[in-house]
$ cat input_19.cif   # mmCIF, C-alpha atoms
data_protein
#
loop_
_atom_site.label_atom_id
_atom_site.label_comp_id
_atom_site.auth_asym_id
_atom_site.auth_seq_id
_atom_site.Cartn_x
_atom_site.Cartn_y
_atom_site.Cartn_z
CA MET A 1 102.03 139.25 74.60
CA LEU A 2 105.46 138.79 76.19
CA ASP A 3 105.83 135.44 74.39
CA LYS A 4 105.31 137.10 71.00
CA ALA A 5 107.89 139.77 71.78
CA ILE A 6 110.43 137.13 72.79
CA ILE A 7 109.75 135.14 69.61
CA ILE A 8 110.14 138.27 67.46
CA ILE A 9 113.38 139.27 69.19
CA PHE A 10 114.72 135.73 68.89
CA GLY A 11 113.82 135.76 65.18
CA PHE A 12 115.75 138.99 64.61
CA ILE A 13 118.73 137.52 66.44
CA LEU A 14 118.62 134.43 64.23
CA LEU A 15 118.32 136.49 61.04
CA GLY A 16 121.08 138.84 62.12
CA GLY A 17 123.26 135.92 63.06
CA CYS A 18 123.39 134.25 59.69
CA SER A 19 126.86 133.69 58.37
CA THR A 20 127.73 134.98 54.94
CA THR A 21 130.17 133.53 52.47
CA THR A 22 130.68 134.91 49.01
CA PRO A 23 131.67 132.85 46.03
CA ILE A 24 135.23 133.25 44.81
CA GLN A 25 135.23 136.16 42.37
CA LYS A 26 137.79 137.94 40.22
CA ALA A 27 139.23 140.70 42.36
CA ASN A 28 139.35 143.30 39.59
CA VAL A 29 135.60 143.11 38.89
CA SER A 30 134.19 142.37 42.37
CA LYS A 31 133.48 144.83 45.17
CA SER A 32 134.71 144.52 48.71
CA ALA A 33 132.09 143.35 51.20
CA PHE A 34 133.44 145.87 53.70
CA PHE A 35 131.79 149.29 53.84
CA PHE A 36 135.00 150.92 52.72
CA ASP A 37 136.33 149.54 49.48
CA ASN A 38 140.09 149.69 49.72
CA PRO A 39 141.95 149.48 46.44
CA ILE A 40 143.38 146.07 45.73
CA THR A 41 146.93 145.62 46.87
CA VAL A 42 149.00 145.16 43.77
CA ASN A 43 151.27 142.18 43.45
CA GLU A 44 153.23 142.43 40.22
CA ASN A 45 154.15 138.74 40.41
CA ILE A 46 150.53 137.65 40.02
CA PRO A 47 148.65 138.52 36.81
CA GLU A 48 145.53 140.61 37.41
CA ASP A 49 143.30 137.91 35.90
CA GLU A 50 144.65 135.39 38.43
CA GLN A 51 143.71 137.45 41.53
CA TYR A 52 140.49 136.59 43.33
CA ARG A 53 138.44 137.86 46.28
CA ILE A 54 136.61 135.86 48.93
CA TYR A 55 134.67 137.07 52.00
CA HIS A 56 133.26 135.32 55.04
CA ARG A 57 131.26 136.64 58.01
CA ALA A 58 130.68 134.49 61.08
CA ALA A 59 127.17 133.81 62.36
CA THR A 60 128.07 134.82 65.92
CA GLY A 61 130.66 136.81 67.81
CA PHE A 62 132.10 133.60 69.24
CA VAL A 63 134.01 132.59 66.13
CA SER A 64 137.66 133.60 65.92
CA ILE A 65 139.22 135.45 63.01
CA ASN A 66 141.77 132.64 62.79
CA SER A 67 138.96 130.13 62.27
CA LEU A 68 137.56 132.25 59.45
CA ARG A 69 141.05 132.63 57.97
CA TYR A 70 141.54 128.86 58.00
CA ASP A 71 138.22 128.29 56.21
CA ILE A 72 138.83 130.99 53.60
CA GLU A 73 142.40 129.92 52.92
CA GLN A 74 141.27 126.30 52.58
CA ARG A 75 138.64 127.29 49.98
CA ALA A 76 141.19 129.44 48.14
CA THR A 77 143.78 126.66 48.21
CA ASP A 78 141.26 124.14 46.86
CA PHE A 79 140.26 126.62 44.14
CA CYS A 80 143.87 127.09 43.01
CA GLU A 81 144.64 123.36 43.29
CA LYS A 82 141.87 122.66 40.76
CA LYS A 83 143.78 124.94 38.38
CA GLY A 84 147.02 123.08 39.13
CA LYS A 85 148.42 126.11 40.95
CA ALA A 86 149.29 127.25 44.46
CA MET A 87 147.46 129.91 46.47
CA GLU A 88 149.21 133.09 47.62
CA VAL A 89 147.49 135.75 49.75
CA VAL A 90 147.81 139.25 48.28
CA SER A 91 145.86 141.27 50.87
CA GLU A 92 143.50 140.87 53.80
CA GLN A 93 140.82 142.96 55.51
CA GLN A 94 139.24 142.00 58.82
CA SER A 95 136.68 143.38 61.22
CA HIS A 96 137.75 144.57 64.63
CA GLN A 97 136.39 143.91 68.11
CA PRO A 98 134.10 144.22 69.96
CA TYR A 99 132.08 141.51 68.24
CA ILE A 100 128.64 142.55 69.48
CA LEU A 101 125.37 143.82 68.04
CA GLY A 102 125.92 142.29 64.62
CA ASN A 103 129.58 143.24 64.30
CA PHE A 104 130.57 139.62 63.98
CA PRO A 105 134.02 138.53 62.83
CA ARG A 106 134.44 139.23 59.12
CA LEU A 107 137.39 138.50 56.90
CA GLU A 108 138.11 139.13 53.25
CA ILE A 109 141.20 138.09 51.37
CA VAL A 110 142.45 138.77 47.90
CA PHE A 111 144.58 135.91 46.69
CA GLY A 112 146.32 134.80 43.57
CA CYS A 113 146.79 131.46 41.89
CA VAL A 114 150.48 131.13 41.11
CA ASP A 115 152.62 128.41 39.60
CA LYS A 116 153.64 125.81 42.14
CA PRO A 117 157.25 126.09 43.20
CA ASN A 118 159.48 123.34 41.87
CA ALA A 119 160.43 120.66 44.32
CA THR A 120 163.66 121.77 45.86
CA ALA A 121 166.62 119.57 45.23
CA PRO A 122 168.59 118.41 48.21
CA PRO A 123 171.46 120.70 49.10
CA THR A 124 174.34 120.32 46.72
CA PHE A 125 177.53 119.01 48.21
CA ASP A 126 180.05 116.34 47.43
CA ASP A 127 177.91 113.41 46.25
CA ALA A 128 180.68 110.89 46.86
CA LYS A 129 181.02 112.05 50.46
CA TYR A 130 177.24 111.86 50.92
CA THR A 131 177.14 108.33 49.48
CA LYS A 132 179.94 107.20 51.77
CA LEU A 133 178.17 108.68 54.82
CA THR A 134 174.91 107.00 53.82
CA ASN A 135 176.62 103.63 53.42
CA LEU A 136 178.41 104.12 56.72
CA LYS A 137 175.07 104.81 58.44
CA LYS A 138 173.61 101.64 56.93
CA LEU A 139 176.52 99.66 58.35
CA LEU A 140 175.83 101.14 61.79
CA ASP A 141 172.08 100.44 61.54
CA THR A 142 172.64 96.79 60.56
CA GLY A 143 175.14 96.29 63.37
CA VAL A 144 178.15 95.65 61.15
CA ILE A 145 180.08 98.45 62.89
CA THR A 146 179.81 99.95 66.39
CA LYS A 147 178.80 103.50 67.25
CA GLU A 148 182.45 104.35 68.03
CA GLU A 149 183.63 103.03 64.66
CA PHE A 150 180.85 104.97 62.94
CA GLU A 151 181.82 108.24 64.66
CA LYS A 152 185.51 107.71 63.86
CA GLU A 153 184.86 107.02 60.16
CA LYS A 154 182.28 109.82 59.91
CA ASN A 155 184.80 112.33 61.30
CA LYS A 156 187.40 111.11 58.79
CA LEU A 157 184.96 111.64 55.90
CA LEU A 158 183.84 115.06 57.06
CA ASN A 159 187.40 116.29 57.57
CA GLN A 160 188.55 115.30 54.06
#
$ encode --input "input_19.cif" --output "structure tokens"
Amino acid sequence: MLDKAIIIIFGFILLGGCSTTTPIQKANVSKSAFFFDNPITVNENIPEDEQYRIYHRAATGFVSINSLRYDIEQRATDFCEKKGKAMEVVSEQQSHQPYILGNFPRLEIVFGCVDKPNATAPPTFDDAKYTKLTNLKKLLDTGVITKEEFEKEKNKLLNQ
């Protein structure tokens, strides 16, 4: 009799300890997985049809929120990468401790797929000066000039 009770209790623990992950859904047509459905945080820079929601609940209380965040953000990043875009978090909801009796770590983010930023150009400064410094460094690296000569010439170039 005691064995059956233990098996039943263990079965409930296993069923209650299943992790949950939702598919990525449009934020404007999906419902929050949290009991309270907060309105979506508005980000005017991201079109409404490019905002998505994703939710994940851990299977146990021993998983950190940061671990869930990493997994969710990785899925969101991969999703946006397939569209040739970058992922930007719009809002986040998370469960709070204590993580006992089925209140396992839960995290939901609303994110947007935005255009990738352009590769930043190197800082603009006098190209001739930069070229001279680069060539001077090459001379030092190949042993044509000494460290002292390099420093002297570098100071001359920078003070021009």
$ resolve_selection --input "input_19.cif" --expression "the PyMOL selection byres ((chain A and resi 100-110) around 9)" --output "MDAnalysis selection string"
chainID A and resid 13 16:17 19:20 27 32:34 40:41 51:65 68:69 72:73 88:99 111:112
$ resolve_selection --input "input_19.cif" --expression "the PyMOL selection byres ((chain A and resi 154) around 12)" --output "PyMOL selection string"
chain A and resi 129-137+139-140+145+147-153+155-160
$ atom_distance --input "input_19.cif" --atom1 "atom CA of Asn28 of chain A" --atom2 "atom CA of Asp49 of chain A"
7.6 Å
$ residues_around --input "input_19.cif" --residues "Ala86 of chain A" --least-positions-apart "4" --cutoff "9 Å" --atoms "all atoms listed in the file" --output "list in words"
Thr77, Asp78, Cys80, Glu81, Gly112, Cys113, Val114, Asp115, Lys116 and Pro117 of chain A
$ write_last_selection --input "input_19.cif" --atoms "C-alpha atoms" --output "mmCIF file, keeping the file's coordinate frame"
data_model
loop_
_atom_site.group_PDB
_atom_site.id
_atom_site.type_symbol
_atom_site.label_atom_id
_atom_site.label_comp_id
_atom_site.auth_asym_id
_atom_site.auth_seq_id
_atom_site.Cartn_x
_atom_site.Cartn_y
_atom_site.Cartn_z
ATOM 1 C CA THR A 77 143.780 126.660 48.210
ATOM 2 C CA ASP A 78 141.260 124.140 46.860
ATOM 3 C CA CYS A 80 143.870 127.090 43.010
ATOM 4 C CA GLU A 81 144.640 123.360 43.290
ATOM 5 C CA GLY A 112 146.320 134.800 43.570
ATOM 6 C CA CYS A 113 146.790 131.460 41.890
ATOM 7 C CA VAL A 114 150.480 131.130 41.110
ATOM 8 C CA ASP A 115 152.620 128.410 39.600
ATOM 9 C CA LYS A 116 153.640 125.810 42.140
ATOM 10 C CA PRO A 117 157.250 126.090 43.200
#
$ atom_distance --input "input_19.cif" --atom1 "atom CA of Pro47 of chain A" --atom2 "atom CA of Ser67 of chain A"
28.5 Å
$ atom_distance --input "input_19.cif" --atom1 "atom CA of Gln74 of chain A" --atom2 "atom CA of Pro23 of chain A"
13.3 Å
$ closest_residue --input "input_19.cif" --among "A:Lys26, A:Lys85, A:Lys31, A:Lys138" --to "Glu48 of chain A" --atoms "all atoms listed in the file"
A:Lys26
